[in-house]
Every structure is written in structure tokens, then in C-alpha cells.
$ cat structure.txt   # compact mmCIF, C-alpha atoms
# COMPACT_ATOMS: atom_id res chain seq x y z
CA MET F 1 259.82 99.87 44.44
CA PRO F 2 260.62 96.81 42.33
CA GLY F 3 256.98 95.87 42.13
CA ASN F 4 256.09 99.21 40.46
CA THR F 5 258.76 98.99 37.71
CA VAL F 6 257.26 99.14 34.20
CA THR F 7 259.18 97.08 31.66
CA GLN F 8 259.10 98.53 28.14
CA PRO F 9 258.77 96.11 25.23
CA ALA F 10 261.88 95.40 23.18
CA THR F 11 260.16 96.60 19.97
CA SER F 12 257.40 99.06 19.09
CA SER F 13 254.82 99.18 16.35
CA LEU F 14 255.39 101.53 13.42
CA SER F 15 252.69 103.95 14.52
CA ARG F 16 254.07 104.15 18.08
CA ALA F 17 257.62 104.62 16.76
CA ALA F 18 256.43 107.45 14.51
CA ARG F 19 254.87 109.23 17.49
CA GLU F 20 257.99 108.82 19.61
CA LEU F 21 260.16 110.15 16.81
CA GLU F 22 257.74 113.08 16.29
CA LEU F 23 257.18 112.33 12.61
CA ARG F 24 254.02 112.23 10.55
CA ARG F 25 253.25 108.83 9.10
CA GLY F 26 254.32 109.84 5.59
CA GLU F 27 257.60 111.23 6.94
CA PHE F 28 258.16 108.11 9.01
CA ASP F 29 257.56 105.82 6.01
CA LEU F 30 260.10 107.84 4.06
CA ALA F 31 262.57 107.56 6.97
CA LEU F 32 262.21 103.77 6.78
CA HIS F 33 262.60 103.93 3.00
CA LEU F 34 265.84 105.92 3.22
CA GLY F 35 267.29 103.88 6.07
CA CYS F 36 267.20 106.78 8.52
CA VAL F 37 265.23 104.51 10.86
CA ARG F 38 265.87 100.77 10.77
CA SER F 39 263.06 98.29 11.30
CA VAL F 40 263.03 94.57 12.08
CA PRO F 41 260.55 91.84 11.12
CA ASP F 42 257.91 90.97 13.66
CA GLU F 43 258.59 87.53 15.15
CA GLY F 44 254.85 86.88 15.23
CA GLY F 45 254.47 87.56 11.51
CA GLY F 46 252.65 90.88 11.99
CA GLY F 47 254.78 93.06 9.71
CA ARG F 48 257.65 95.36 10.64
CA ARG F 49 258.54 96.81 14.03
CA VAL F 50 261.15 99.20 15.39
CA ALA F 51 263.49 98.16 18.16
CA ARG F 52 263.54 100.26 21.32
CA ALA F 53 267.31 100.65 20.95
CA GLU F 54 266.80 102.13 17.45
CA ILE F 55 264.31 104.68 18.73
CA ASP F 56 266.73 105.71 21.50
CA ARG F 57 269.56 106.03 18.96
CA VAL F 58 267.61 108.36 16.69
CA ARG F 59 266.33 110.47 19.58
CA SER F 60 269.88 110.90 20.89
CA GLU F 61 271.15 112.45 17.63
CA ALA F 62 272.09 116.12 17.65
CA GLY F 63 269.30 118.47 16.59
CA PHE F 64 266.51 115.91 17.03
CA PRO F 65 263.79 116.12 15.73
CA GLU F 66 264.47 119.00 13.29
CA THR F 67 267.49 117.29 11.74
CA LEU F 68 265.54 114.11 11.14
CA ARG F 69 262.60 115.98 9.65
CA GLU F 70 264.88 117.85 7.26
CA ARG F 71 266.44 114.59 6.07
CA VAL F 72 263.03 113.20 5.10
CA ARG F 73 261.53 116.42 3.73
CA ALA F 74 260.00 115.83 0.27
CA VAL F 75 258.95 118.65 -2.04
CA GLY F 76 257.09 118.92 -5.33
CA THR F 77 258.04 120.63 -8.58
CA THR F 78 257.24 124.21 -7.58
CA GLU F 79 259.00 124.09 -4.22
CA GLY F 80 261.87 122.08 -5.64
CA ALA F 81 262.44 124.63 -8.41
CA ALA F 82 262.52 127.40 -5.81
CA LEU F 83 265.11 125.51 -3.75
CA MET F 84 267.33 125.13 -6.82
CA GLY F 85 266.76 128.64 -8.11
CA VAL F 86 265.38 127.55 -11.51
CA THR F 87 262.04 127.74 -13.24
CA ALA F 88 259.48 124.97 -12.87
CA GLN F 89 259.86 124.12 -16.57
CA ARG F 90 263.63 123.67 -16.26
CA PHE F 91 263.17 121.62 -13.09
CA THR F 92 260.76 119.32 -14.94
CA ARG F 93 263.28 118.89 -17.78
CA LEU F 94 265.99 117.99 -15.28
CA ALA F 95 263.70 115.40 -13.69
CA ARG F 96 262.69 113.90 -17.03
CA LEU F 97 266.36 113.57 -17.97
CA GLY F 98 266.98 111.66 -14.74
CA LEU F 99 269.31 114.26 -13.22
CA VAL F 100 267.11 114.54 -10.14
CA VAL F 101 265.40 111.39 -8.90
CA PRO F 102 261.93 111.31 -7.31
CA VAL F 103 261.55 109.60 -3.98
CA LYS F 104 257.78 109.07 -3.99
CA PHE F 105 254.62 110.00 -5.90
CA TYR F 106 250.89 110.32 -5.42
CA MET F 107 247.81 111.08 -7.50
CA ASN F 108 245.96 114.34 -6.94
CA ARG F 109 242.20 114.72 -7.24
CA TYR F 110 242.54 115.17 -11.00
CA ARG F 111 244.36 111.80 -11.24
CA VAL F 112 247.59 113.53 -12.20
CA VAL F 113 250.82 112.00 -10.94
CA VAL F 114 252.65 114.33 -8.56
CA TRP F 115 256.32 113.50 -8.08
CA LEU F 116 258.13 114.36 -4.86
CA TYR F 117 261.88 114.86 -4.38
CA LEU F 118 264.15 115.02 -1.37
CA ALA F 119 264.90 118.65 -0.56
CA GLU F 120 268.38 117.71 0.68
CA GLU F 121 269.28 116.08 -2.65
CA LEU F 122 268.02 119.07 -4.64
CA ARG F 123 270.22 121.45 -2.65
CA GLN F 124 273.23 119.20 -3.20
CA PHE F 125 272.58 119.13 -6.97
CA ALA F 126 272.26 122.91 -7.15
CA THR F 127 275.51 123.53 -5.26
CA ASP F 128 277.56 121.08 -7.34
CA GLN F 129 279.65 123.05 -9.86
CA GLN F 130 279.53 120.17 -12.35
CA ASN F 131 275.80 120.83 -12.79
CA ALA F 132 276.14 124.57 -13.39
CA ARG F 133 275.69 124.26 -17.17
CA MET F 134 272.37 122.47 -16.62
CA MET F 135 271.07 125.14 -14.26
CA SER F 136 271.07 127.95 -16.82
CA GLY F 137 271.34 128.52 -20.54
CA ARG F 138 270.08 126.26 -23.29
CA THR F 139 269.74 122.56 -22.78
CA PRO F 140 272.36 120.65 -24.82
CA GLU F 141 271.09 119.64 -28.23
CA GLY F 142 271.31 115.88 -27.69
CA LEU F 143 269.33 116.06 -24.46
CA ARG F 144 266.84 118.46 -26.02
CA ASP F 145 266.18 115.95 -28.82
CA GLN F 146 265.51 113.20 -26.27
CA LEU F 147 263.02 115.42 -24.47
CA ASP F 148 261.29 116.20 -27.77
CA ASP F 149 260.98 112.42 -28.36
CA GLY F 150 259.12 112.04 -25.05
CA LEU F 151 261.92 110.87 -22.77
CA ASP F 152 260.78 110.66 -19.13
CA LEU F 153 263.02 108.77 -16.71
CA ARG F 154 261.06 109.65 -13.57
CA PRO F 155 259.10 106.37 -13.34
CA ARG F 156 262.17 104.26 -14.10
CA ASN F 157 264.36 106.10 -11.57
CA TRP F 158 261.66 105.76 -8.93
CA ARG F 159 261.43 101.99 -9.59
CA GLY F 160 265.16 101.61 -9.12
CA ARG F 161 265.01 103.51 -5.86
CA HIS F 162 261.97 101.57 -4.69
CA LEU F 163 263.66 98.23 -5.46
CA GLY F 164 266.61 99.20 -3.31
CA PHE F 165 264.21 99.95 -0.47
CA LEU F 166 262.50 96.54 -0.83
CA LEU F 167 265.80 94.67 -0.92
CA ARG F 168 266.98 96.46 2.18
CA LEU F 169 263.98 95.17 4.14
CA THR F 170 264.77 91.46 3.93
CA GLU F 171 267.61 88.94 3.81
CA ASP F 172 265.45 85.99 2.72
CA PRO F 173 266.53 84.89 -0.81
CA TRP F 174 262.98 84.10 -1.96
CA ALA F 175 261.66 87.43 -0.62
CA ARG F 176 264.43 89.28 -2.46
CA ALA F 177 263.53 87.46 -5.67
CA ALA F 178 259.88 88.40 -5.09
CA ALA F 179 260.89 92.06 -4.77
CA VAL F 180 262.51 91.94 -8.21
CA ALA F 181 259.53 90.08 -9.67
CA SER F 182 257.14 92.75 -8.35
CA LEU F 183 258.51 95.23 -10.92
CA LEU F 184 257.93 92.89 -13.87
CA ASP F 185 254.80 91.97 -15.76
CA PRO F 186 253.56 88.43 -14.91
CA VAL F 187 254.29 87.38 -18.49
CA HIS F 188 257.99 88.18 -18.04
CA VAL F 189 258.06 86.48 -14.64
CA ALA F 190 256.60 83.30 -16.18
CA ALA F 191 259.21 83.41 -18.95
CA VAL F 192 262.02 83.41 -16.37
CA VAL F 193 260.47 81.17 -13.68
CA ASP F 194 258.79 78.25 -15.45
CA ASP F 195 257.98 76.30 -12.27
CA PRO F 196 254.37 77.12 -11.23
CA TYR F 197 255.07 76.36 -7.55
CA GLU F 198 258.00 78.78 -7.52
CA ARG F 199 255.87 81.47 -9.17
CA ALA F 200 253.13 80.92 -6.60
CA HIS F 201 255.70 81.26 -3.80
CA LEU F 202 257.01 84.50 -5.30
CA ASN F 203 253.47 85.81 -5.55
CA ARG F 204 252.83 85.04 -1.86
CA LEU F 205 255.97 86.98 -0.91
CA ARG F 206 255.19 89.85 -3.29
CA PRO F 207 255.38 93.27 -1.58
CA GLY F 208 252.16 95.16 -1.06
CA PRO F 209 250.88 97.72 -3.58
CA VAL F 210 252.57 101.10 -3.67
CA SER F 211 249.23 102.91 -3.66
CA GLN F 212 246.68 103.02 -0.86
CA ALA F 213 243.85 103.45 -3.36
CA ALA F 214 241.08 100.90 -3.65
CA PRO F 215 241.95 97.89 -5.81
CA ASP F 216 241.02 98.22 -9.50
CA SER F 217 240.39 101.95 -9.05
CA PRO F 218 241.84 104.37 -11.65
CA ALA F 219 244.44 105.58 -9.14
CA ALA F 220 245.47 102.00 -8.32
CA ARG F 221 245.83 101.14 -12.01
CA ILE F 222 247.99 104.21 -12.62
CA ALA F 223 250.21 103.31 -9.66
CA GLU F 224 250.53 99.74 -10.91
CA ARG F 225 251.55 100.97 -14.34
CA ILE F 226 254.24 103.20 -12.80
CA ALA F 227 255.52 100.30 -10.68
CA THR F 228 255.87 97.96 -13.71
CA ALA F 229 258.91 98.16 -15.97
CA ASP F 230 258.00 99.05 -19.56
CA GLU F 231 261.30 99.78 -21.32
CA PRO F 232 263.10 96.93 -23.12
CA ASP F 233 266.50 97.51 -21.56
CA GLU F 234 265.05 97.85 -18.06
CA ILE F 235 262.97 94.67 -18.55
CA GLY F 236 266.04 92.78 -19.72
CA TRP F 237 268.04 93.94 -16.71
CA LEU F 238 265.28 92.95 -14.27
CA ARG F 239 264.80 89.55 -15.93
CA ALA F 240 268.50 88.81 -15.60
CA ASP F 241 268.42 89.94 -11.98
CA LEU F 242 265.36 87.77 -11.31
CA SER F 243 267.01 84.72 -12.84
CA GLN F 244 270.08 85.21 -10.66
CA SER F 245 267.97 85.80 -7.53
CA VAL F 246 265.88 82.67 -8.11
CA SER F 247 269.03 80.58 -8.64
CA GLU F 248 270.41 81.80 -5.31
CA ALA F 249 267.07 81.12 -3.62
CA ARG F 250 267.02 77.55 -4.97
CA GLU F 251 270.45 76.93 -3.49
CA ASP F 252 269.22 78.20 -0.13
CA GLY F 253 266.13 75.96 -0.22
CA PRO F 254 263.38 74.84 -2.62
CA ALA F 255 260.04 76.58 -2.84
CA PRO F 256 257.27 74.84 -0.86
CA ARG F 257 255.20 72.30 -2.74
CA PRO F 258 251.92 70.60 -1.74
CA ALA F 259 252.25 67.16 -0.16
CA PRO F 260 250.96 64.32 -2.38
CA ASP F 261 247.43 63.25 -1.43
CA ALA F 262 246.78 59.50 -1.58
CA SER F 263 243.14 60.07 -2.49
CA SER F 264 244.13 62.20 -5.47
CA ILE F 265 246.40 59.54 -7.01
CA ALA F 266 244.60 58.19 -10.06
CA VAL F 267 244.45 54.39 -10.29
CA PRO F 268 244.63 53.24 -13.92
CA ARG F 269 241.54 51.38 -14.99
CA PRO F 270 241.83 48.18 -17.00
CA THR F 271 241.52 48.84 -20.67
CA ALA F 272 238.57 47.14 -22.26
CA ILE F 273 239.46 44.88 -25.16
CA ARG F 274 237.51 46.02 -28.17
CA PRO F 275 236.60 43.50 -30.88
CA VAL F 276 238.46 43.98 -34.11
CA ALA F 277 236.18 45.03 -36.90
CA ARG F 278 235.88 42.27 -39.56
CA PRO F 279 235.90 43.46 -43.15
CA ALA F 280 232.70 43.01 -45.09
CA GLY F 281 232.52 39.65 -46.91
CA ALA F 282 235.30 38.08 -44.85
CA PRO F 283 234.61 34.47 -43.68
CA PRO F 284 233.77 34.04 -40.01
CA PRO F 285 236.65 33.07 -37.80
CA ALA F 286 237.19 29.32 -37.38
CA ALA F 287 236.19 27.76 -34.12
CA PRO F 288 239.11 27.03 -31.83
CA LEU F 289 240.35 23.45 -31.92
CA VAL F 290 239.65 21.61 -28.66
CA PRO F 291 241.80 18.50 -28.15
CA PRO F 292 239.81 15.34 -27.43
CA ARG F 293 239.58 14.42 -23.81
CA THR F 294 240.94 11.00 -22.85
CA PRO F 295 238.44 9.05 -20.74
CA GLY F 296 239.69 8.62 -17.27
CA THR F 297 237.11 6.97 -15.00
CA LEU F 298 235.78 3.36 -15.35
CA ARG F 299 232.34 4.57 -16.46
CA GLU F 300 233.85 6.75 -19.19
CA ARG F 301 236.07 3.91 -20.46
CA LEU F 302 233.12 1.51 -20.67
CA ALA F 303 231.31 4.05 -22.82
CA VAL F 304 234.16 4.03 -25.35
CA THR F 305 234.38 1.08 -27.72
CA ASP F 306 237.43 -1.15 -27.22
CA ALA F 307 238.73 0.98 -24.37
CA PRO F 308 241.09 -1.33 -22.50
CA LEU F 309 240.66 -1.80 -18.81
CA THR F 310 243.54 -1.78 -16.37
CA ALA F 311 243.85 -2.90 -12.84
CA THR F 312 243.96 0.74 -11.67
CA ASP F 313 240.55 1.62 -13.10
CA ASP F 314 238.80 0.60 -9.88
CA PRO F 315 240.45 0.90 -6.52
CA LEU F 316 238.41 -2.02 -5.09
CA THR F 317 240.43 -5.21 -4.49
CA THR F 318 237.75 -7.41 -2.91
CA THR F 319 236.49 -10.69 -4.46
CA GLU F 320 233.15 -9.06 -5.30
CA SER F 321 234.76 -6.35 -7.33
CA ALA F 322 236.87 -8.87 -9.22
CA ARG F 323 233.76 -10.89 -10.09
CA SER F 324 232.01 -7.75 -11.30
CA ARG F 325 234.89 -7.01 -13.65
CA ARG F 326 234.82 -10.57 -15.12
CA LEU F 327 231.03 -10.28 -15.63
CA LEU F 328 231.42 -7.01 -17.44
CA ARG F 329 234.10 -8.48 -19.74
CA TRP F 330 231.80 -11.47 -20.57
CA LEU F 331 228.85 -9.15 -21.34
CA ARG F 332 230.96 -7.19 -23.76
CA ARG F 333 231.90 -10.38 -25.67
CA VAL F 334 228.22 -11.15 -26.37
CA LYS F 335 227.21 -10.00 -29.86
CA PRO F 336 224.17 -7.74 -30.11
CA ASP F 337 222.21 -10.08 -32.44
CA ALA F 338 222.86 -13.25 -30.47
CA ARG F 339 219.74 -14.92 -29.06
CA PRO F 340 219.63 -17.53 -26.35
CA PRO F 341 218.63 -21.00 -27.62
CA THR F 342 214.92 -21.73 -27.36
CA ALA F 343 213.54 -24.90 -25.92
CA PRO F 344 212.41 -27.43 -28.54
$ encode --input "structure.txt" --output "C-alpha cells"
Amino acid sequence: MPGNTVTQPATSSLSRAARELELRRGEFDLALHLGCVRSVPDEGGGGRRVARAEIDRVRSEAGFPETLRERVRAVGTTEGAALMGVTAQRFTRLARLGLVVPVKFYMNRYRVVVWLYLAEELRQFATDQQNARMMSGRTPEGLRDQLDDGLDLRPRNWRGRHLGFLLRLTEDPWARAAAVASLLDPVHVAAVVDDPYERAHLNRLRPGPVSQAAPDSPAARIAERIATADEPDEIGWLRADLSQSVSEAREDGPAPRPAPDASSIAVPRPTAIRPVARPAGAPPPAAPLVPPRTPGTLRERLAVTDAPLTATDDPLTTTESARSRRLLRWLRRVKPDARPPTAP
């Protein structure tokens, strides 16, 4: 009945996809790494998911699940040497020379790095006639000298393979630049990307650690050292790649920056005027010259000797005011020492 129809989701979580593809979690992670199973970003921001159509495609392949398991089968040094028909010592020399490339690594209980290789790639190397001279006999002198000098390309080859896996997971320009930056020391990243906001954005998009060990544990520090480029030519190549990736990301869009906060804008304070120090023995500064003030009102003009009076000194135009002005003029004509005549 239509009411009893169960609609399957369009995508599945990684753990559910691993169960449906009959793979252990380590095998499933390696299948994602190699591109045997394609994943898509979660629209809700919850990581990666696998589309239902992708699960159906893989399950419909011939020989499922044995064929898929064989494609993601990873072996260590002993088993890998047996597959190639060589001794473990020769297999290690081939790996250190970079002729066989590890696909993953882990730390055992003695904190020793154990490298793992794809069994399918080892069989292809052993059956290639061009590699026959490396499978038996003495190692060529030039290569033997490099091994005596401590050459070991396993970490570098793994980093190159791991970077390809990270770049395959995203199309976002800033996320791709962050993948390249994750293989460089922060000092080298700062030398290439001088903008602190761009570096912070790259750090937010930085892929997760390659080890599941606790942070700052010895195993985590060893894994971090393996995942960080340490050879000059490799560092130079990654720095150039990072510079190009950041330039492309800037063209696509700038890195996010915090919005300016009005409360954080500093208002310049008025600068206090400091008195200039006067040298010892110097005379004190002269007092500023104040121009004399011209008397304006009638009272002020009467207080000044010989200050002429004008008709505009007093706005009154009545007869009383005119008499008052004539009286004041007469009083000013009287001399101070004059005495009124006394009666005889």
C-alpha cells in the first residue's frame, strides 16, 4: 500500500555506508581515500556523506564485495615482501628509495611507525619487467650511497598521496589552500600568507589530524611530524603551491573579516599643551599688551578728563535731559579752588 512505503534518504552516513558496503571502517576510509567510493559534503555541515546512488553503484559491480576489499587491501613490510617475492630488508630499501609508496601508517605499542602499502600496487610493481633489476642482485651504487646517507622517502611520498586525497574532497578554493597549508609549518605559512585574517581562515578550514591519538600525546606528535614537510625542496614546492592557491582563492572571494565595532573605535583625546621649560636665568616673559579701552557710556566719558560729549551719549531727548546736560557742563567749568563769595 502507498501508506506503508518507506522512503530511503538520499544520502547515508559514513558508518552506515561502510556497513552496506561490507567494509571495516579502516577499509572504508581507505576506499574514500583512493576514490573507490565517492562522498559528498553534508548540506547541514555535519561532515561527509555517501549518496544512495553511489552505494548502489558499488554494490552492483562484478565480484562485490571481494573485488572492493582487494582494491583497498593494505599490507605491512613482511606481507608486502612475501607478495613481491623479496626479503623484508630489500622491501624496506625499495620503500625508502620511493619505488613503492605507502598508503597509510600507524604507531604500534612501542611507538614505532608501521607503514602500510596497497597489495594491488605491490603486485603490479613485481610483475613489471622494468623493475626486475631492483628485485634481485645488488642495489645500484648511486642508490646504495643515498641509503647509506639516511635517505627515506616514505614520509614525503605519503604526504604527496595524502594531499591528493585532501584536494579531491573539496572544490572550495580556500579549503584547497588550507589543505596545502596543513603540510607546512606555521612559520612557512606566515611567510607566504602575511594577512592574519587569511591565515585564521585557513586554520579554520584546516583538515583534521591524521592520527586518532590524544592531542599532545607522543603518538600524536610523531604523526604531526610525519605530516609536516621537512625537506627544503619539498617545502619550496609546497610554498609555491600555497601562494598560487591563495591567489586563486582571493579571486574567488576574500577571506571573512570581523565587522568594525563602533564601540571599539578609539576617539582621539585632545592633547594637553605643556608649558615650555624656561632656561635658568632667563627673564620672565613680558605681560601681553592690552589696548586701552575707549569709554563708551556717558558715565565712563564723564570720568575721563576732557572727554567730549556728543548728542548720542544719552538717548533722552526731553527738556529735562537737556537741562541736565547743561548743568553738568557748567559744573565742569567751575575750578576746584573757587569759593563762593562770602557776605560782608
$ atom_distance --input "structure.txt" --atom1 "atom CA of Ser13 of chain F" --atom2 "atom CA of Glu121 of chain F"
29.3 Å
$ residues_around --input "structure.txt" --residues "segment 168-170 of chain F" --least-positions-apart "2" --cutoff "10 Å" --atoms "all atoms listed in the file" --output "short mmCIF file (atom, residue, chain, number, x, y, z; two decimals) with C-alpha atoms, in the coordinates of the input"
data_model
loop_
_atom_site.label_atom_id
_atom_site.label_comp_id
_atom_site.auth_asym_id
_atom_site.auth_seq_id
_atom_site.Cartn_x
_atom_site.Cartn_y
_atom_site.Cartn_z
CA LEU F 32 262.21 103.77 6.78
CA HIS F 33 262.60 103.93 3.00
CA LEU F 34 265.84 105.92 3.22
CA GLY F 35 267.29 103.88 6.07
CA ARG F 38 265.87 100.77 10.77
CA SER F 39 263.06 98.29 11.30
CA VAL F 40 263.03 94.57 12.08
CA PRO F 41 260.55 91.84 11.12
CA ARG F 48 257.65 95.36 10.64
CA HIS F 162 261.97 101.57 -4.69
CA LEU F 163 263.66 98.23 -5.46
CA GLY F 164 266.61 99.20 -3.31
CA PHE F 165 264.21 99.95 -0.47
CA LEU F 166 262.50 96.54 -0.83
CA ASP F 172 265.45 85.99 2.72
CA PRO F 173 266.53 84.89 -0.81
CA TRP F 174 262.98 84.10 -1.96
CA ALA F 175 261.66 87.43 -0.62
CA ARG F 176 264.43 89.28 -2.46
CA ALA F 179 260.89 92.06 -4.77
#
$ residues_around --input "structure.txt" --residues "segment 218-227 of chain F" --least-positions-apart "5" --cutoff "10 Å" --atoms "only C-alpha atoms" --output "ChimeraX atom specification"
/F:105-113,154-156,158-160,162-163,182-185,209-213
$ axis_aligned_box --input "structure.txt" --around "segment 10-22 of chain F" --padding-each-side "5 Å" --output "lines of an AutoDock Vina configuration file"
center_x = 257.3
center_y = 104.2
center_z = 18.3
size_x = 19.2
size_y = 27.7
size_z = 19.8
$ atom_distance --input "structure.txt" --atom1 "atom CA of Gly236 of chain F" --atom2 "atom CA of Glu141 of chain F"
28.6 Å
$ atom_distance --input "structure.txt" --atom1 "atom CA of Glu70 of chain F" --atom2 "atom CA of Glu120 of chain F"
7.5 Å
$ residues_near_point --input "structure.txt" --point "(262.2, 117.2, -2.0)" --cutoff "10 Å" --atoms "only C-alpha atoms" --output "PyMOL selection string"
chain F and resi 70-77+79-81+83+100-104+115-123
$ closest_residue --input "structure.txt" --among "F:Glu198, F:Glu54, F:Asp29, F:Glu66" --to "Pro258 of chain F" --atoms "all atoms listed in the file"
F:Glu198
$ residues_around --input "structure.txt" --residues "segment 20-22 of chain F" --least-positions-apart "6" --cutoff "8 Å" --atoms "only C-alpha atoms" --output "number ranges by chain"
F: 55, 58-59, 65
$ closest_residue --input "structure.txt" --among "F:Gln124, F:Leu23, F:Leu30, F:Ala51" --to "Pro9 of chain F" --atoms "only C-alpha atoms"
F:Ala51
$ build_atoms --input "structure.txt" --residues "segment 223-245 of chain F" --atoms "N, CA and C atoms" --output "PDB file, in the frame of the given file"
ATOM      1  N   ALA F 223     249.067 103.652 -10.505  1.00  0.00           N
ATOM      2  CA  ALA F 223     250.210 103.310  -9.660  1.00  0.00           C
ATOM      3  C   ALA F 223     250.834 101.987 -10.083  1.00  0.00           C
ATOM      4  N   GLU F 224     250.007 101.027 -10.456  1.00  0.00           N
ATOM      5  CA  GLU F 224     250.530  99.740 -10.910  1.00  0.00           C
ATOM      6  C   GLU F 224     251.308  99.889 -12.205  1.00  0.00           C
ATOM      7  N   ARG F 225     250.828 100.756 -13.093  1.00  0.00           N
ATOM      8  CA  ARG F 225     251.550 100.970 -14.340  1.00  0.00           C
ATOM      9  C   ARG F 225     252.895 101.639 -14.087  1.00  0.00           C
ATOM     10  N   ILE F 226     252.958 102.552 -13.128  1.00  0.00           N
ATOM     11  CA  ILE F 226     254.240 103.200 -12.800  1.00  0.00           C
ATOM     12  C   ILE F 226     255.196 102.192 -12.187  1.00  0.00           C
ATOM     13  N   ALA F 227     254.677 101.269 -11.387  1.00  0.00           N
ATOM     14  CA  ALA F 227     255.520 100.300 -10.680  1.00  0.00           C
ATOM     15  C   ALA F 227     255.937  99.119 -11.547  1.00  0.00           C
ATOM     16  N   THR F 228     255.534  99.075 -12.820  1.00  0.00           N
ATOM     17  CA  THR F 228     255.870  97.960 -13.710  1.00  0.00           C
ATOM     18  C   THR F 228     256.807  98.444 -14.803  1.00  0.00           C
ATOM     19  N   ALA F 229     257.922  97.764 -14.965  1.00  0.00           N
ATOM     20  CA  ALA F 229     258.910  98.160 -15.970  1.00  0.00           C
ATOM     21  C   ALA F 229     258.296  98.044 -17.363  1.00  0.00           C
ATOM     22  N   ASP F 230     258.587  99.037 -18.220  1.00  0.00           N
ATOM     23  CA  ASP F 230     258.000  99.050 -19.560  1.00  0.00           C
ATOM     24  C   ASP F 230     259.021  99.316 -20.654  1.00  0.00           C
ATOM     25  N   GLU F 231     260.273  99.538 -20.309  1.00  0.00           N
ATOM     26  CA  GLU F 231     261.300  99.780 -21.320  1.00  0.00           C
ATOM     27  C   GLU F 231     262.103  98.509 -21.559  1.00  0.00           C
ATOM     28  N   PRO F 232     262.431  98.206 -22.813  1.00  0.00           N
ATOM     29  CA  PRO F 232     263.100  96.930 -23.120  1.00  0.00           C
ATOM     30  C   PRO F 232     264.389  96.700 -22.347  1.00  0.00           C
ATOM     31  N   ASP F 233     265.227  97.729 -22.259  1.00  0.00           N
ATOM     32  CA  ASP F 233     266.500  97.510 -21.560  1.00  0.00           C
ATOM     33  C   ASP F 233     266.290  97.314 -20.061  1.00  0.00           C
ATOM     34  N   GLU F 234     265.344  98.027 -19.486  1.00  0.00           N
ATOM     35  CA  GLU F 234     265.050  97.850 -18.060  1.00  0.00           C
ATOM     36  C   GLU F 234     264.455  96.466 -17.805  1.00  0.00           C
ATOM     37  N   ILE F 235     263.561  96.004 -18.696  1.00  0.00           N
ATOM     38  CA  ILE F 235     262.970  94.670 -18.550  1.00  0.00           C
ATOM     39  C   ILE F 235     264.049  93.604 -18.646  1.00  0.00           C
ATOM     40  N   GLY F 236     264.966  93.750 -19.590  1.00  0.00           N
ATOM     41  CA  GLY F 236     266.040  92.780 -19.720  1.00  0.00           C
ATOM     42  C   GLY F 236     266.928  92.729 -18.490  1.00  0.00           C
ATOM     43  N   TRP F 237     267.221  93.901 -17.916  1.00  0.00           N
ATOM     44  CA  TRP F 237     268.040  93.940 -16.710  1.00  0.00           C
ATOM     45  C   TRP F 237     267.327  93.275 -15.531  1.00  0.00           C
ATOM     46  N   LEU F 238     266.033  93.548 -15.371  1.00  0.00           N
ATOM     47  CA  LEU F 238     265.280  92.950 -14.270  1.00  0.00           C
ATOM     48  C   LEU F 238     265.107  91.449 -14.452  1.00  0.00           C
ATOM     49  N   ARG F 239     264.916  90.991 -15.684  1.00  0.00           N
ATOM     50  CA  ARG F 239     264.800  89.550 -15.930  1.00  0.00           C
ATOM     51  C   ARG F 239     266.090  88.829 -15.589  1.00  0.00           C
ATOM     52  N   ALA F 240     267.218  89.418 -15.953  1.00  0.00           N
ATOM     53  CA  ALA F 240     268.500  88.810 -15.600  1.00  0.00           C
ATOM     54  C   ALA F 240     268.691  88.792 -14.089  1.00  0.00           C
ATOM     55  N   ASP F 241     268.305  89.886 -13.432  1.00  0.00           N
ATOM     56  CA  ASP F 241     268.420  89.940 -11.980  1.00  0.00           C
ATOM     57  C   ASP F 241     267.489  88.928 -11.320  1.00  0.00           C
ATOM     58  N   LEU F 242     266.290  88.753 -11.862  1.00  0.00           N
ATOM     59  CA  LEU F 242     265.360  87.770 -11.310  1.00  0.00           C
ATOM     60  C   LEU F 242     265.889  86.358 -11.474  1.00  0.00           C
ATOM     61  N   SER F 243     266.454  86.047 -12.623  1.00  0.00           N
ATOM     62  CA  SER F 243     267.010  84.720 -12.840  1.00  0.00           C
ATOM     63  C   SER F 243     268.124  84.422 -11.852  1.00  0.00           C
ATOM     64  N   GLN F 244     268.994  85.406 -11.614  1.00  0.00           N
ATOM     65  CA  GLN F 244     270.080  85.210 -10.660  1.00  0.00           C
ATOM     66  C   GLN F 244     269.541  85.061  -9.241  1.00  0.00           C
ATOM     67  N   SER F 245     268.537  85.861  -8.886  1.00  0.00           N
ATOM     68  CA  SER F 245     267.970  85.800  -7.530  1.00  0.00           C
ATOM     69  C   SER F 245     267.283  84.467  -7.278  1.00  0.00           C
TER      70      SER F 245
END
